[in-house]
file data-v7.cif (mmCIF, C-alpha atoms)
data_target
loop_
_atom_site.label_atom_id
_atom_site.label_comp_id
_atom_site.auth_asym_id
_atom_site.auth_seq_id
_atom_site.Cartn_x
_atom_site.Cartn_y
_atom_site.Cartn_z
CA MET A 1 -4.78 -24.46 35.43
CA ILE A 2 -5.67 -25.98 32.07
CA LYS A 3 -6.03 -23.41 29.30
CA LEU A 4 -8.82 -24.40 26.94
CA GLY A 5 -8.14 -23.57 23.32
CA ASP A 6 -4.41 -23.29 23.96
CA TYR A 7 -1.24 -25.33 24.39
CA ASN A 8 -0.63 -27.04 27.72
CA THR A 9 2.28 -29.13 29.01
CA LEU A 10 0.72 -32.19 30.66
CA LYS A 11 2.10 -35.34 32.32
CA VAL A 12 1.30 -38.80 30.92
CA LEU A 13 -0.62 -40.78 33.58
CA ARG A 14 -1.59 -44.07 31.94
CA HIS A 15 -2.07 -45.93 28.68
CA THR A 16 -5.52 -47.24 27.74
CA ASP A 17 -7.16 -48.68 24.63
CA PRO A 18 -8.65 -45.28 23.58
CA GLY A 19 -5.27 -43.57 24.01
CA ILE A 20 -3.28 -42.08 26.88
CA TYR A 21 -4.60 -40.01 29.73
CA LEU A 22 -2.87 -36.79 30.72
CA GLU A 23 -3.03 -35.06 34.07
CA GLY A 24 -5.63 -32.31 34.11
CA ASP A 25 -6.97 -30.18 36.95
CA GLU A 26 -10.01 -30.16 39.21
CA ARG A 27 -12.18 -28.58 36.51
CA THR A 28 -11.19 -30.85 33.62
CA GLY A 29 -10.22 -34.13 35.25
CA ASP A 30 -7.78 -36.34 33.35
CA ILE A 31 -7.62 -35.52 29.64
CA LEU A 32 -7.55 -38.09 26.85
CA LEU A 33 -5.01 -37.91 24.04
CA PRO A 34 -6.67 -40.20 21.46
CA LYS A 35 -4.79 -43.22 20.14
CA ARG A 36 -4.31 -41.68 16.68
CA TYR A 37 -1.89 -39.15 18.23
CA VAL A 38 0.01 -41.57 20.49
CA THR A 39 3.55 -42.61 19.53
CA PRO A 40 5.81 -45.33 20.98
CA GLN A 41 8.02 -42.60 22.44
CA MET A 42 5.28 -41.45 24.86
CA HIS A 43 5.78 -43.03 28.28
CA VAL A 44 4.12 -42.70 31.69
CA GLY A 45 5.70 -39.75 33.50
CA ASP A 46 6.63 -37.90 30.31
CA GLU A 47 5.45 -34.33 29.84
CA LEU A 48 3.83 -33.55 26.49
CA GLN A 49 2.92 -30.24 24.92
CA VAL A 50 -0.61 -30.68 23.55
CA PHE A 51 -3.44 -28.47 22.38
CA VAL A 52 -6.57 -28.80 24.55
CA TYR A 53 -10.02 -28.22 23.08
CA LEU A 54 -13.49 -29.82 22.87
CA ASP A 55 -14.33 -32.84 20.73
CA GLN A 56 -17.53 -33.52 18.77
CA ASP A 57 -19.35 -34.35 22.02
CA GLU A 58 -18.05 -31.21 23.77
CA ARG A 59 -15.66 -33.24 25.93
CA ILE A 60 -12.27 -31.82 26.80
CA ILE A 61 -9.63 -33.59 24.73
CA ALA A 62 -5.97 -33.18 23.74
CA THR A 63 -4.31 -33.28 20.34
CA THR A 64 -0.78 -33.01 18.94
CA GLU A 65 -2.16 -31.31 15.82
CA THR A 66 -1.39 -27.61 15.32
CA PRO A 67 -4.40 -25.27 14.99
CA LEU A 68 -4.29 -22.17 12.81
CA ALA A 69 -5.21 -20.03 15.82
CA ARG A 70 -5.58 -20.27 19.59
CA VAL A 71 -8.08 -18.59 21.89
CA GLY A 72 -7.26 -14.88 21.88
CA GLU A 73 -5.83 -14.88 18.35
CA PHE A 74 -7.04 -13.65 14.97
CA ALA A 75 -6.85 -15.77 11.81
CA CYS A 76 -8.18 -16.03 8.26
CA LEU A 77 -10.17 -19.27 8.12
CA GLU A 78 -12.13 -21.04 5.40
CA VAL A 79 -15.73 -22.14 5.87
CA ALA A 80 -15.88 -25.94 5.60
CA TRP A 81 -19.66 -26.26 5.90
CA THR A 82 -22.77 -24.51 7.20
CA ASN A 83 -26.05 -25.52 8.80
CA GLN A 84 -29.12 -23.86 10.32
CA TYR A 85 -27.08 -22.62 13.31
CA GLY A 86 -24.06 -21.05 11.65
CA ALA A 87 -20.77 -21.82 9.90
CA PHE A 88 -17.99 -24.27 10.68
CA LEU A 89 -14.44 -23.14 9.93
CA SER A 90 -11.39 -25.26 9.12
CA TRP A 91 -8.69 -24.44 11.66
CA GLY A 92 -6.34 -27.38 11.36
CA LEU A 93 -8.02 -29.72 13.86
CA LEU A 94 -10.30 -32.73 13.52
CA LYS A 95 -13.29 -30.76 14.79
CA ASP A 96 -14.14 -27.56 12.88
CA LEU A 97 -14.55 -24.25 14.71
CA PHE A 98 -18.13 -23.00 15.05
CA CYS A 99 -19.15 -19.44 14.19
CA PRO A 100 -22.85 -18.89 15.06
CA PHE A 101 -24.99 -16.52 13.04
CA ARG A 102 -24.95 -13.94 15.85
CA GLU A 103 -21.16 -13.69 15.53
CA GLN A 104 -21.19 -13.17 11.75
CA LYS A 105 -21.15 -9.73 10.13
CA GLN A 106 -22.62 -11.24 6.97
CA ARG A 107 -23.82 -14.75 6.21
CA MET A 108 -20.70 -16.84 5.76
CA GLN A 109 -20.52 -19.01 2.65
CA ARG A 110 -18.90 -22.37 2.21
CA GLY A 111 -15.46 -22.20 0.59
CA LYS A 112 -14.91 -18.52 1.40
CA ARG A 113 -12.35 -17.21 3.90
CA TYR A 114 -13.02 -14.75 6.71
CA ILE A 115 -10.98 -12.91 9.32
CA VAL A 116 -12.16 -14.10 12.74
CA TYR A 117 -11.21 -13.98 16.41
CA VAL A 118 -11.13 -17.22 18.42
CA LYS A 119 -12.71 -17.06 21.86
CA GLU A 120 -14.23 -19.13 24.64
CA ASP A 121 -17.93 -18.37 25.01
CA GLU A 122 -18.54 -17.00 28.52
CA ALA A 123 -21.92 -18.69 28.94
CA SER A 124 -21.29 -22.17 27.51
CA HIS A 125 -17.46 -22.30 27.76
CA ARG A 126 -17.43 -23.63 24.19
CA LEU A 127 -14.79 -22.53 21.74
CA MET A 128 -16.08 -20.43 18.86
CA ALA A 129 -15.11 -17.86 16.26
CA THR A 130 -16.48 -14.36 15.79
CA ALA A 131 -16.19 -12.15 12.72
CA LYS A 132 -16.88 -9.07 14.87
CA VAL A 133 -13.18 -8.58 15.37
CA GLU A 134 -13.33 -4.84 16.16
CA LYS A 135 -14.56 -5.68 19.68
CA TYR A 136 -11.28 -7.42 20.46
CA LEU A 137 -8.84 -4.78 19.20
CA THR A 138 -7.27 -2.38 21.68
CA PRO A 139 -5.62 1.04 21.12
CA LEU A 140 -1.84 1.17 21.08
CA GLU A 141 -0.73 3.43 23.92
CA ALA A 142 2.83 3.95 22.68
CA GLY A 143 4.92 2.87 19.73
CA THR A 144 8.32 3.67 18.27
CA HIS A 145 8.64 5.13 14.79
CA GLY A 146 10.16 2.48 12.53
CA GLN A 147 9.36 -0.37 14.94
CA ALA A 148 8.75 -3.69 13.15
CA VAL A 149 5.36 -5.31 13.82
CA ASP A 150 3.55 -8.44 12.66
CA CYS A 151 0.40 -7.79 10.62
CA LEU A 152 -2.60 -9.77 9.44
CA VAL A 153 -4.26 -8.09 6.45
CA TRP A 154 -7.90 -7.59 7.44
CA GLN A 155 -9.95 -5.76 4.79
CA LYS A 156 -9.71 -3.39 1.82
CA THR A 157 -10.77 0.23 2.32
CA ASP A 158 -10.87 3.33 0.15
CA LEU A 159 -7.51 4.34 1.65
CA GLY A 160 -5.74 1.01 1.42
CA PHE A 161 -5.97 -1.94 3.82
CA LYS A 162 -6.93 -2.32 7.45
CA VAL A 163 -4.61 -4.71 9.27
CA ILE A 164 -4.46 -6.34 12.69
CA VAL A 165 -1.14 -5.48 14.36
CA ASP A 166 0.65 -7.87 16.73
CA ASN A 167 -2.65 -9.69 17.32
CA ARG A 168 -3.97 -6.73 19.36
CA HIS A 169 -4.23 -3.39 17.56
CA GLN A 170 -5.77 -1.86 14.44
CA GLY A 171 -3.49 -0.47 11.76
CA GLN A 172 -3.76 1.06 8.30
CA LEU A 173 -1.61 0.53 5.23
CA TYR A 174 -2.16 3.28 2.66
CA ASP A 175 -2.35 2.66 -1.09
CA ASN A 176 0.51 5.08 -1.81
CA GLN A 177 2.76 2.98 0.47
CA LEU A 178 1.98 -0.34 -1.21
CA PHE A 179 4.41 -1.79 -3.72
CA GLN A 180 3.07 -5.34 -3.79
CA PRO A 181 -0.40 -6.89 -4.11
CA LEU A 182 -2.13 -7.61 -0.81
CA HIS A 183 -5.08 -9.84 0.04
CA SER A 184 -7.17 -10.42 3.13
CA GLY A 185 -5.44 -13.08 5.23
CA ASP A 186 -1.89 -12.21 4.18
CA ARG A 187 0.62 -12.10 7.03
CA LEU A 188 3.56 -9.74 6.75
CA THR A 189 5.98 -7.48 8.58
CA ALA A 190 5.28 -3.75 8.57
CA TYR A 191 6.78 -0.72 10.32
CA ILE A 192 5.16 1.90 12.53
CA ASP A 193 5.00 5.28 10.83
CA HIS A 194 2.68 7.08 13.24
CA VAL A 195 0.41 6.27 16.20
CA ARG A 196 -2.78 8.33 16.06
CA GLN A 197 -4.53 9.87 19.07
CA ASP A 198 -7.17 7.13 18.95
CA GLY A 199 -4.45 4.46 19.27
CA LYS A 200 -4.73 3.24 15.69
CA ILE A 201 -1.49 2.86 13.76
CA ASP A 202 -0.37 4.19 10.39
CA LEU A 203 2.07 1.71 8.86
CA THR A 204 4.52 1.34 6.02
CA LEU A 205 5.78 -1.85 4.44
CA GLN A 206 9.30 -0.48 4.18
CA PRO A 207 11.77 0.13 6.99
CA THR A 208 12.36 3.78 7.79
CA GLY A 209 15.56 5.61 8.54
CA ARG A 210 19.13 5.72 7.34
CA GLN A 211 19.71 1.97 7.30
CA HIS A 212 16.86 1.43 4.84
CA THR A 213 18.37 4.06 2.52
CA LEU A 214 21.76 2.35 2.69
CA ASP A 215 20.21 -1.07 2.05
CA PHE A 216 18.36 0.10 -1.06
CA ALA A 217 21.39 2.06 -2.27
CA GLU A 218 23.24 -1.26 -2.43
CA VAL A 219 20.32 -2.81 -4.33
CA LEU A 220 20.38 0.07 -6.83
CA LEU A 221 24.15 -0.16 -7.21
CA ARG A 222 23.92 -3.89 -7.92
CA TYR A 223 21.18 -3.21 -10.49
CA LEU A 224 23.48 -0.78 -12.31
CA TYR A 225 26.34 -3.30 -12.39
CA GLU A 226 24.02 -5.99 -13.74
CA ASN A 227 22.45 -3.76 -16.42
CA GLY A 228 25.37 -2.27 -18.28
CA GLY A 229 25.97 0.50 -15.78
CA ARG A 230 22.74 2.37 -16.58
CA CYS A 231 19.22 2.90 -15.24
CA ASN A 232 16.67 4.95 -17.19
CA LEU A 233 14.97 6.21 -14.01
CA THR A 234 15.85 9.38 -12.09
CA ASP A 235 14.51 11.21 -9.05
CA ARG A 236 12.13 12.96 -11.47
CA SER A 237 10.55 9.71 -12.67
CA ALA A 238 6.94 8.87 -11.84
CA PRO A 239 6.46 7.06 -8.49
CA GLU A 240 4.60 4.27 -10.30
CA LEU A 241 7.59 3.53 -12.54
CA ILE A 242 9.94 3.41 -9.56
CA ALA A 243 7.60 1.18 -7.57
CA ASP A 244 7.13 -1.18 -10.53
CA ARG A 245 10.89 -1.53 -11.05
CA PHE A 246 12.19 -1.61 -7.47
CA GLN A 247 9.15 -2.02 -5.15
CA VAL A 248 10.14 1.06 -3.13
CA SER A 249 8.71 4.54 -2.72
CA LYS A 250 9.98 7.49 -4.71
CA LYS A 251 11.20 9.00 -1.44
CA THR A 252 13.41 5.97 -0.74
CA PHE A 253 14.65 5.96 -4.35
CA LYS A 254 15.61 9.64 -4.20
CA LYS A 255 17.49 9.20 -0.93
CA ALA A 256 19.44 6.23 -2.32
CA VAL A 257 20.29 8.14 -5.53
CA GLY A 258 21.52 11.06 -3.42
CA ASP A 259 23.60 8.73 -1.27
CA LEU A 260 25.29 7.08 -4.28
CA TYR A 261 25.86 10.46 -5.91
CA ARG A 262 27.53 11.89 -2.81
CA ARG A 263 29.76 8.80 -2.66
CA ARG A 264 30.72 9.55 -6.28
CA LEU A 265 29.56 6.14 -7.47
CA ILE A 266 27.00 7.36 -10.01
CA LEU A 267 26.32 10.23 -12.37
CA ILE A 268 22.88 11.70 -13.06
CA ASP A 269 21.90 12.96 -16.50
CA ASP A 270 18.71 13.54 -18.48
CA ASP A 271 18.60 9.90 -19.61
CA GLY A 272 18.88 8.42 -16.12
CA LEU A 273 21.62 7.13 -13.87
CA ARG A 274 24.99 5.70 -14.83
CA LEU A 275 27.96 4.34 -13.03
CA VAL A 276 31.05 6.50 -12.71
CA PRO A 277 33.61 5.12 -15.19
#

call {"tool": "encode", "arguments": {"input": "data-v7.cif", "output": "structure tokens"}}
result
Amino acid sequence: MIKLGDYNTLKVLRHTDPGIYLEGDERTGDILLPKRYVTPQMHVGDELQVFVYLDQDERIIATTETPLARVGEFACLEVAWTNQYGAFLSWGLLKDLFCPFREQKQRMQRGKRYIVYVKEDEASHRLMATAKVEKYLTPLEAGTHGQAVDCLVWQKTDLGFKVIVDNRHQGQLYDNQLFQPLHSGDRLTAYIDHVRQDGKIDLTLQPTGRQHTLDFAEVLLRYLYENGGRCNLTDRSAPELIADRFQVSKKTFKKAVGDLYRRRLILIDDDGLRLVP
């Protein structure tokens, strides 16, 4: 079955002046891959991976271009233009993605970027975007502490940033766990700290556990070697100073200092850290 708004592997049936036709199904019929995407290496009988969507006339068509999102995915897209019906978002294809007014949380403006979900409209079967992304997020039933997840930064809150986790769940990054600037639309790796009863996820940008401590301990040791054997920070230094210097939490810094001290690689005094002679 052809998946609209997604990648499909389709067989080349015939060459024509408009392009090549690919084998569809009973619902779609044969699908045109326009001439602009055809290469000399495409022969009858070959199987091509193409993205299937609707052209300007709402006809099913194939493309070898790569969209910024497929049906069922979230993305941060820029408004290319607007009209009396809604906004049209650039998503990497020749035809822009429509977001009607009813699917906007606020009136979208040309040139601005918005987090949206790509879907197939149940009534018209047209592809469209919606900014009402909460409707398409599901609770996480179970997660492992320290598990790495993919995140799309969604929006700023008083606590930090809401993020979309693994294209399915809602997560939260807290301000006191951030050691780098974040913006809506950023994609990054985060780590599960805690799964709440409502299925939402508290996250950290730094790996947890012993291995993370060992990794940063090596970073700190290298810093000491490269800076005359001294560092003017200690485990009593302000978290902001530690984050500004090393982009880690004070907790991680203290664990690494303790690890190096127990290995008798550093000394700790009132002025900071220094390598053992």

call {"tool": "closest_residue", "arguments": {"input": "data-v7.cif", "among": "A:Asp198, A:Glu26, A:Asp158, A:Asp17", "to": "A:Glu141", "atoms": "only C-alpha atoms"}}
result
A:Asp198

call {"tool": "resolve_selection", "arguments": {"input": "data-v7.cif", "expression": "the PyMOL selection byres ((chain A and resi 233) around 12)", "output": "JSON, numbers by chain"}}
result
{"A": [220, 223, 224, 230, 231, 232, 234, 235, 236, 237, 238, 239, 240, 241, 242, 243, 244, 245, 246, 250, 253, 254, 257, 268, 269, 270, 271, 272, 273, 274]}

call {"tool": "residues_around", "arguments": {"input": "data-v7.cif", "residues": "stretch 174-181 of chain A", "least_positions_apart": "2", "cutoff": "9 Å", "atoms": "all atoms listed in the file", "output": "PyMOL selection string"}}
result
chain A and resi 158-162+172+183+202-206+240+243-244+246-249

call {"tool": "write_last_selection", "arguments": {"input": "data-v7.cif", "atoms": "C-alpha atoms", "output": "mmCIF file, in the frame of the given file"}}
result
data_model
loop_
_atom_site.group_PDB
_atom_site.id
_atom_site.type_symbol
_atom_site.label_atom_id
_atom_site.label_comp_id
_atom_site.auth_asym_id
_atom_site.auth_seq_id
_atom_site.Cartn_x
_atom_site.Cartn_y
_atom_site.Cartn_z
ATOM 1 C CA ASP A 158 -10.870 3.330 0.150
ATOM 2 C CA LEU A 159 -7.510 4.340 1.650
ATOM 3 C CA GLY A 160 -5.740 1.010 1.420
ATOM 4 C CA PHE A 161 -5.970 -1.940 3.820
ATOM 5 C CA LYS A 162 -6.930 -2.320 7.450
ATOM 6 C CA GLN A 172 -3.760 1.060 8.300
ATOM 7 C CA HIS A 183 -5.080 -9.840 0.040
ATOM 8 C CA ASP A 202 -0.370 4.190 10.390
ATOM 9 C CA LEU A 203 2.070 1.710 8.860
ATOM 10 C CA THR A 204 4.520 1.340 6.020
ATOM 11 C CA LEU A 205 5.780 -1.850 4.440
ATOM 12 C CA GLN A 206 9.300 -0.480 4.180
ATOM 13 C CA GLU A 240 4.600 4.270 -10.300
ATOM 14 C CA ALA A 243 7.600 1.180 -7.570
ATOM 15 C CA ASP A 244 7.130 -1.180 -10.530
ATOM 16 C CA PHE A 246 12.190 -1.610 -7.470
ATOM 17 C CA GLN A 247 9.150 -2.020 -5.150
ATOM 18 C CA VAL A 248 10.140 1.060 -3.130
ATOM 19 C CA SER A 249 8.710 4.540 -2.720
#

call {"tool": "closest_residue", "arguments": {"input": "data-v7.cif", "among": "A:Gly146, A:Gly229, A:Gly72, A:Pro139", "to": "A:Gln197", "atoms": "all atoms listed in the file"}}
result
A:Pro139

call {"tool": "residues_near_point", "arguments": {"input": "data-v7.cif", "point": "(-3.4, -31.2, 36.2)", "cutoff": "12 Å", "atoms": "all atoms listed in the file", "output": "ChimeraX atom specification"}}
result
/A:1-3,8-13,21-31,47

call {"tool": "resolve_selection", "arguments": {"input": "data-v7.cif", "expression": "the PyMOL selection byres ((chain A and resi 256) around 10)", "output": "ChimeraX atom specification"}}
result
/A:210,212-221,235,250-255,257-262

call {"tool": "atom_distance", "arguments": {"input": "data-v7.cif", "atom1": "atom CA of A:Thr189", "atom2": "atom CA of A:Asn167"}}
result
12.5 Å

call {"tool": "resolve_selection", "arguments": {"input": "data-v7.cif", "expression": "the PyMOL selection byres ((chain A and resi 92) around 8)", "output": "VMD selection string"}}
result
chain A and resid 65 to 68 90 to 91 93 to 94 96

call {"tool": "write_last_selection", "arguments": {"input": "data-v7.cif", "atoms": "C-alpha atoms", "output": "mmCIF file, in the coordinates of the input"}}
result
data_model
loop_
_atom_site.group_PDB
_atom_site.id
_atom_site.type_symbol
_atom_site.label_atom_id
_atom_site.label_comp_id
_atom_site.auth_asym_id
_atom_site.auth_seq_id
_atom_site.Cartn_x
_atom_site.Cartn_y
_atom_site.Cartn_z
ATOM 1 C CA GLU A 65 -2.160 -31.310 15.820
ATOM 2 C CA THR A 66 -1.390 -27.610 15.320
ATOM 3 C CA PRO A 67 -4.400 -25.270 14.990
ATOM 4 C CA LEU A 68 -4.290 -22.170 12.810
ATOM 5 C CA SER A 90 -11.390 -25.260 9.120
ATOM 6 C CA TRP A 91 -8.690 -24.440 11.660
ATOM 7 C CA LEU A 93 -8.020 -29.720 13.860
ATOM 8 C CA LEU A 94 -10.300 -32.730 13.520
ATOM 9 C CA ASP A 96 -14.140 -27.560 12.880
#

call {"tool": "closest_residue", "arguments": {"input": "data-v7.cif", "among": "A:Glu226, A:Glu78, A:Asp193, A:Asp6", "to": "A:Thr144", "atoms": "all atoms listed in the file"}}
result
A:Asp193

call {"tool": "atom_distance", "arguments": {"input": "data-v7.cif", "atom1": "atom CA of A:Gln106", "atom2": "atom CA of A:Ser184"}}
result
15.9 Å

call {"tool": "closest_residue", "arguments": {"input": "data-v7.cif", "among": "A:Asp57, A:Asp166, A:Glu73, A:Asp186", "to": "A:Glu120", "atoms": "all atoms listed in the file"}}
result
A:Glu73

call {"tool": "closest_residue", "arguments": {"input": "data-v7.cif", "among": "A:Leu48, A:Ala131, A:Leu267, A:Ala62", "to": "A:Gly86", "atoms": "all atoms listed in the file"}}
result
A:Ala131
